[in-house]
>>> print(open('query34.cif').read())   # mmCIF, C-alpha atoms
data_entry
#
loop_
_atom_site.label_atom_id
_atom_site.label_comp_id
_atom_site.auth_asym_id
_atom_site.auth_seq_id
_atom_site.Cartn_x
_atom_site.Cartn_y
_atom_site.Cartn_z
CA MET A 4 0.00 0.00 0.00
CA ASP A 5 1.26 3.50 -0.84
CA ARG A 6 2.01 5.76 2.11
CA HIS A 7 -0.45 8.65 2.22
CA LEU A 8 -0.13 11.27 4.95
CA LEU A 9 -2.91 13.73 5.79
CA VAL A 10 -1.70 16.88 7.58
CA THR A 11 -4.18 19.42 8.91
CA GLY A 12 -3.05 23.03 8.86
CA GLY A 13 -0.21 22.21 6.52
CA SER A 14 0.29 25.43 4.58
CA ARG A 15 2.68 27.19 6.97
CA GLY A 16 4.80 26.85 10.08
CA ILE A 17 5.22 23.40 11.59
CA GLY A 18 2.60 21.96 9.23
CA ALA A 19 4.45 23.10 6.12
CA ALA A 20 7.72 21.71 7.50
CA ILE A 21 6.00 18.34 8.00
CA VAL A 22 4.60 18.43 4.47
CA ARG A 23 8.02 19.23 2.97
CA GLY A 24 9.76 16.55 5.00
CA ALA A 25 7.18 13.87 4.22
CA ALA A 26 7.25 14.66 0.50
CA ALA A 27 11.05 14.38 0.55
CA GLN A 28 10.68 10.93 2.13
CA GLY A 29 8.38 9.72 -0.63
CA TRP A 30 5.01 10.10 1.07
CA ALA A 31 1.95 11.13 -0.88
CA VAL A 32 0.74 14.13 1.12
CA THR A 33 -2.60 15.85 1.42
CA PHE A 34 -2.62 18.97 3.57
CA THR A 35 -5.48 21.18 4.62
CA TYR A 36 -5.53 24.96 4.90
CA ARG A 37 -8.14 27.47 6.01
CA ASN A 38 -7.10 31.13 5.60
CA SER A 39 -3.90 30.76 3.61
CA LEU A 40 -4.80 29.96 -0.01
CA ALA A 41 -1.76 31.75 -1.45
CA GLU A 42 0.64 29.94 0.88
CA ALA A 43 -1.04 26.59 0.19
CA GLU A 44 -0.78 27.05 -3.55
CA ALA A 45 2.85 28.17 -3.27
CA LEU A 46 3.77 25.12 -1.16
CA ALA A 47 2.05 22.70 -3.54
CA ALA A 48 3.80 24.35 -6.51
CA GLU A 49 7.16 24.27 -4.71
CA LEU A 50 6.92 20.51 -4.19
CA ALA A 51 5.43 19.58 -7.55
CA GLY A 52 7.46 17.44 -9.95
CA ASP A 53 9.80 14.45 -9.87
CA GLY A 54 7.00 12.08 -8.94
CA VAL A 55 6.03 13.99 -5.79
CA ARG A 56 2.31 13.73 -5.01
CA VAL A 57 1.13 16.65 -2.89
CA ARG A 58 -2.40 18.01 -2.77
CA ALA A 59 -3.81 21.06 -0.95
CA LEU A 60 -7.34 20.78 0.41
CA ALA A 61 -9.47 23.68 1.63
CA ALA A 62 -10.71 23.15 5.20
CA ASP A 63 -14.23 24.31 4.39
CA ARG A 64 -16.09 21.09 5.26
CA PRO A 65 -16.45 18.84 8.32
CA PRO A 66 -13.43 16.63 9.10
CA ALA A 67 -15.08 13.43 7.81
CA GLU A 68 -15.74 15.07 4.43
CA GLN A 69 -12.19 16.44 4.23
CA TYR A 70 -10.85 12.98 5.04
CA ALA A 71 -12.99 11.43 2.30
CA ALA A 72 -11.79 14.07 -0.17
CA ALA A 73 -8.17 13.31 0.71
CA GLU A 74 -8.70 9.61 -0.01
CA ALA A 75 -10.54 10.37 -3.23
CA GLY A 76 -7.58 12.43 -4.39
CA LEU A 77 -4.51 10.39 -3.44
CA GLY A 78 -5.81 7.05 -2.20
CA PRO A 79 -6.24 5.55 1.28
CA VAL A 80 -4.77 7.60 4.10
CA THR A 81 -2.27 5.60 6.18
CA ALA A 82 -1.10 8.31 8.60
CA LEU A 83 -2.65 11.42 10.10
CA VAL A 84 -1.05 14.50 11.67
CA ASN A 85 -3.44 16.85 13.44
CA ASN A 86 -1.46 20.07 13.34
CA ALA A 87 -4.09 22.79 12.81
CA GLY A 88 -4.57 24.91 15.90
CA ILE A 89 -5.13 28.41 17.25
CA THR A 90 -4.16 30.11 20.51
CA GLY A 91 -6.86 32.75 20.65
CA PRO A 92 -5.98 36.24 21.92
CA LEU A 93 -3.33 36.65 24.60
CA GLY A 94 -4.36 37.96 27.99
CA ALA A 95 -5.57 37.26 31.49
CA PHE A 96 -8.45 34.85 31.98
CA ALA A 97 -10.61 37.59 33.52
CA ASP A 98 -10.46 39.44 30.24
CA SER A 99 -11.26 36.42 28.06
CA GLU A 100 -14.50 35.79 26.18
CA GLU A 101 -16.51 32.58 26.02
CA GLU A 102 -16.93 32.85 22.26
CA ALA A 103 -13.15 32.81 21.76
CA GLU A 104 -12.81 29.81 24.07
CA ARG A 105 -15.43 27.88 22.14
CA ARG A 106 -13.57 28.60 18.91
CA ILE A 107 -10.29 27.39 20.43
CA PHE A 108 -11.81 24.10 21.54
CA ASP A 109 -13.61 23.65 18.24
CA VAL A 110 -10.36 23.90 16.27
CA ASN A 111 -7.91 22.39 18.74
CA VAL A 112 -10.03 19.58 20.19
CA HIS A 113 -13.23 18.81 18.31
CA GLN A 114 -11.53 18.98 14.92
CA VAL A 115 -8.88 16.54 16.19
CA PHE A 116 -11.66 14.21 17.34
CA GLY A 117 -13.33 14.45 13.93
CA PHE A 118 -10.24 13.62 11.88
CA CYS A 119 -9.22 10.83 14.25
CA ARG A 120 -12.72 9.35 14.10
CA ALA A 121 -12.67 9.35 10.30
CA ALA A 122 -9.23 7.74 10.21
CA VAL A 123 -9.97 5.13 12.86
CA ARG A 124 -13.22 4.03 11.23
CA ALA A 125 -11.49 3.66 7.87
CA TRP A 126 -8.50 1.80 9.31
CA LEU A 127 -10.59 -0.60 11.39
CA ASP A 128 -12.69 -1.40 8.31
CA THR A 129 -9.63 -2.15 6.19
CA GLY A 130 -7.29 -3.61 8.82
CA THR A 131 -4.81 -0.76 8.33
CA ALA A 132 -2.21 -0.30 11.06
CA GLY A 133 -2.24 3.47 10.73
CA SER A 134 -0.41 6.09 12.77
CA ILE A 135 -1.70 9.31 14.31
CA VAL A 136 0.44 12.17 15.56
CA ASN A 137 -1.43 14.96 17.33
CA ILE A 138 0.42 18.22 17.85
CA GLY A 139 0.18 19.29 21.47
CA SER A 140 2.11 21.93 23.38
CA THR A 141 4.22 22.31 26.48
CA ALA A 142 1.49 24.76 27.51
CA ALA A 143 -0.55 21.69 28.50
CA GLY A 144 1.82 21.27 31.44
CA THR A 145 2.46 24.90 32.36
CA GLY A 146 -1.08 26.23 31.94
CA SER A 147 0.30 29.43 30.34
CA PRO A 148 -0.96 31.77 33.08
CA GLY A 149 -1.60 35.32 31.98
CA GLU A 150 -1.31 34.38 28.33
CA TYR A 151 -3.65 31.69 26.95
CA LEU A 152 -5.26 29.41 29.51
CA ALA A 153 -7.92 28.13 27.11
CA TYR A 154 -5.28 27.14 24.56
CA ALA A 155 -3.28 25.32 27.25
CA ALA A 156 -6.42 23.52 28.42
CA SER A 157 -7.25 22.48 24.86
CA LYS A 158 -3.79 20.97 24.41
CA ALA A 159 -4.12 19.12 27.72
CA ALA A 160 -7.36 17.66 26.37
CA VAL A 161 -5.52 16.52 23.25
CA GLU A 162 -2.88 14.78 25.37
CA THR A 163 -5.45 12.89 27.45
CA PHE A 164 -7.49 11.96 24.41
CA THR A 165 -4.43 10.65 22.55
CA LYS A 166 -3.27 8.48 25.45
CA GLY A 167 -6.71 6.90 25.78
CA LEU A 168 -7.05 6.45 22.03
CA ALA A 169 -3.70 4.68 21.85
CA LYS A 170 -4.72 2.20 24.54
CA GLU A 171 -8.08 1.58 22.88
CA LEU A 172 -6.61 0.99 19.43
CA GLY A 173 -3.35 -0.75 20.29
CA PRO A 174 -4.82 -4.23 19.76
CA ALA A 175 -5.65 -3.20 16.18
CA GLY A 176 -2.05 -2.09 15.55
CA ILE A 177 -3.03 1.60 15.33
CA ARG A 178 -0.67 4.01 17.08
CA ALA A 179 -1.36 7.49 18.50
CA VAL A 180 1.28 9.86 19.86
CA VAL A 181 1.52 13.52 20.85
CA VAL A 182 4.39 15.77 19.82
CA ALA A 183 4.48 18.75 22.18
CA PRO A 184 6.55 21.67 20.89
CA GLY A 185 7.76 24.43 23.13
CA THR A 186 8.09 27.98 21.83
CA THR A 187 8.64 27.76 18.08
CA ASN A 188 9.39 30.36 15.43
CA THR A 189 6.07 30.35 13.58
CA GLY A 190 3.34 32.82 12.74
CA ILE A 191 1.08 31.58 15.54
CA HIS A 192 2.51 34.22 17.87
CA ALA A 193 1.74 37.07 15.49
CA ALA A 194 -1.76 35.70 15.03
CA ALA A 195 -2.20 35.86 18.81
CA GLY A 196 -1.02 39.49 18.82
CA ASP A 197 2.55 39.00 20.09
CA PRO A 198 4.96 38.44 17.17
CA GLY A 199 8.02 39.04 19.36
CA ARG A 200 7.17 36.36 21.90
CA PRO A 201 9.72 33.71 20.73
CA ALA A 202 12.64 36.10 21.17
CA ARG A 203 11.25 37.43 24.45
CA VAL A 204 10.98 34.02 26.13
CA ALA A 205 14.22 32.57 24.73
CA ALA A 206 16.07 33.26 27.97
CA ARG A 207 13.76 30.82 29.79
CA ILE A 208 14.68 27.96 27.44
CA PRO A 209 17.71 25.89 28.56
CA LEU A 210 19.05 25.68 25.01
CA GLY A 211 18.70 29.46 24.75
CA ARG A 212 16.53 29.72 21.66
CA PRO A 213 13.11 28.85 20.26
CA ALA A 214 12.64 25.79 18.06
CA GLU A 215 12.51 25.98 14.30
CA PRO A 216 9.55 24.31 12.56
CA GLU A 217 11.84 21.77 10.90
CA GLU A 218 13.04 20.54 14.30
CA VAL A 219 9.48 19.76 15.39
CA ALA A 220 8.72 18.21 11.99
CA ALA A 221 11.73 15.88 12.37
CA ALA A 222 10.20 14.38 15.51
CA VAL A 223 6.84 13.93 13.80
CA LEU A 224 8.35 12.23 10.77
CA TRP A 225 10.45 9.92 12.94
CA LEU A 226 7.30 8.82 14.77
CA LEU A 227 5.75 7.89 11.41
CA ALA A 228 8.78 5.81 10.44
CA PRO A 229 9.20 2.05 11.02
CA GLU A 230 11.85 2.75 13.67
CA ALA A 231 9.11 4.16 15.93
CA ALA A 232 6.72 1.24 15.47
CA TYR A 233 6.73 0.40 19.19
CA ILE A 234 5.97 3.94 20.38
CA THR A 235 2.37 4.82 21.20
CA GLY A 236 0.29 6.51 23.87
CA THR A 237 2.98 8.94 24.96
CA VAL A 238 4.08 12.56 24.60
CA ILE A 239 7.33 13.48 22.85
CA THR A 240 8.43 16.95 23.96
CA VAL A 241 10.42 19.12 21.55
CA ALA A 242 11.15 22.15 23.67
CA GLY A 243 14.86 22.72 24.14
CA GLY A 244 14.74 21.48 27.73
CA GLN A 245 11.65 23.37 28.89
#
>>> encode(input="query34.cif", output="structure tokens")
Amino acid sequence: MDRHLLVTGGSRGIGAAIVRGAAAQGWAVTFTYRNSLAEAEALAAELAGDGVRVRALAADRPPAEQYAAAEAGLGPVTALVNNAGITGPLGAFADSEEEAERRIFDVNVHQVFGFCRAAVRAWLDTGTAGSIVNIGSTAAGTGSPGEYLAYAASKAAVETFTKGLAKELGPAGIRAVVVAPGTTNTGIHAAAGDPGRPARVAARIPLGRPAEPEEVAAAVLWLLAPEAAYITGTVITVAGGQ
């Protein structure tokens, strides 16, 4: 069976690094995007040629429909990376709004559930020993006080869900793992209203710098490789010692 990787939120940042790395390793890759059409098209065009199969998919439908569209385009999905996520606005909890919190959990948690459900149903039906990597965050452990409590809580939910899912599906040969990045040089900080955050917090990181997207992607791609076939139900932290 051909290897087909589905990456949510794959047009920029960590997602784009995963897409590039997987394509270089010979995966067929479908990646979703929501508000970044130009970046998605540029990434697909960058990787086109020499037998590379990469397809961009607009995230304008429920997860199950996006999953079906990915399979219709490049064949059965054999691995899933849930990377799409938002922090919401930075600030103290007292100043937060319920609407923003609902949006955070919809993207960061319920969307992960939806894509995992679609993958698991397909893999159980076909006997596929698929692999899931959900992108978490070190914020799940720190709580991110004064910055984004709802985001941290959503990533803690992803960790708990992934551990339970791995135990439930282990007998079927399906693996599920969390990769939890620390502060990483991506646009997510600017989207939250604090583009200078990676440089500002670098002094708190033992290795003295934020991660680059490619360093997080390397951990994800290793977990999808045969060498990691015995790893499931755990959290791999990529945070420079945080």
>>> residues_around(input="query34.cif", residues="Pro201 in chain A", least_positions_apart="3", cutoff="7 Å", atoms="only C-alpha atoms", output="list of chain:residue names")
A:Thr186, A:Thr187, A:Asn188, A:Val204, A:Ala205, A:Pro213
>>> resolve_selection(input="query34.cif", expression="the PyMOL selection byres ((chain A and resi 141) around 10)", output="PyMOL selection string")
chain A and resi 139-140+142-147+155+158-159+182-186+238+240-242+245
>>> closest_residue(input="query34.cif", among="A:Gly13, A:Leu168, A:Gly149, A:Ile239", to="Ala62 in chain A", atoms="only C-alpha atoms")
A:Gly13
>>> resolve_selection(input="query34.cif", expression="the PyMOL selection byres ((chain A and resi 41-55) around 9)", output="list in words")
Gly13, Ser14, Arg15, Ala19, Val22, Arg23, Ala26, Ala27, Gly29, Trp30, Ala31, Val32, Phe34, Thr35, Tyr36, Asn38, Ser39, Leu40, Arg56, Val57, Arg58, Ala59 and Leu60 of chain A
>>> residues_around(input="query34.cif", residues="Leu226 in chain A", least_positions_apart="6", cutoff="8 Å", atoms="all atoms listed in the file", output="list in words")
Val136, Val180, Ala232 and Ile234 of chain A
>>> residues_near_point(input="query34.cif", point="(2.1, 20.8, 9.6)", cutoff="9 Å", atoms="all atoms listed in the file", output="VMD selection string")
chain A and resid 10 to 22 34 84 to 87 138 216 220
>>> write_last_selection(input="query34.cif", atoms="C-alpha atoms", output="compact mmCIF listing (two decimals), in the coordinates of the input")
# COMPACT_ATOMS: atom_id res chain seq x y z
CA VAL A 10 -1.70 16.88 7.58
CA THR A 11 -4.18 19.42 8.91
CA GLY A 12 -3.05 23.03 8.86
CA GLY A 13 -0.21 22.21 6.52
CA SER A 14 0.29 25.43 4.58
CA ARG A 15 2.68 27.19 6.97
CA GLY A 16 4.80 26.85 10.08
CA ILE A 17 5.22 23.40 11.59
CA GLY A 18 2.60 21.96 9.23
CA ALA A 19 4.45 23.10 6.12
CA ALA A 20 7.72 21.71 7.50
CA ILE A 21 6.00 18.34 8.00
CA VAL A 22 4.60 18.43 4.47
CA PHE A 34 -2.62 18.97 3.57
CA VAL A 84 -1.05 14.50 11.67
CA ASN A 85 -3.44 16.85 13.44
CA ASN A 86 -1.46 20.07 13.34
CA ALA A 87 -4.09 22.79 12.81
CA ILE A 138 0.42 18.22 17.85
CA PRO A 216 9.55 24.31 12.56
CA ALA A 220 8.72 18.21 11.99
>>> resolve_selection(input="query34.cif", expression="the PyMOL selection byres ((chain A and resi 106) around 12)", output="list of chain:residue names")
A:Gly88, A:Ile89, A:Thr90, A:Gly91, A:Pro92, A:Glu100, A:Glu101, A:Glu102, A:Ala103, A:Glu104, A:Arg105, A:Ile107, A:Phe108, A:Asp109, A:Val110, A:Asn111, A:Val112, A:His113, A:Gln114, A:Ala153, A:Tyr154, A:Ser157
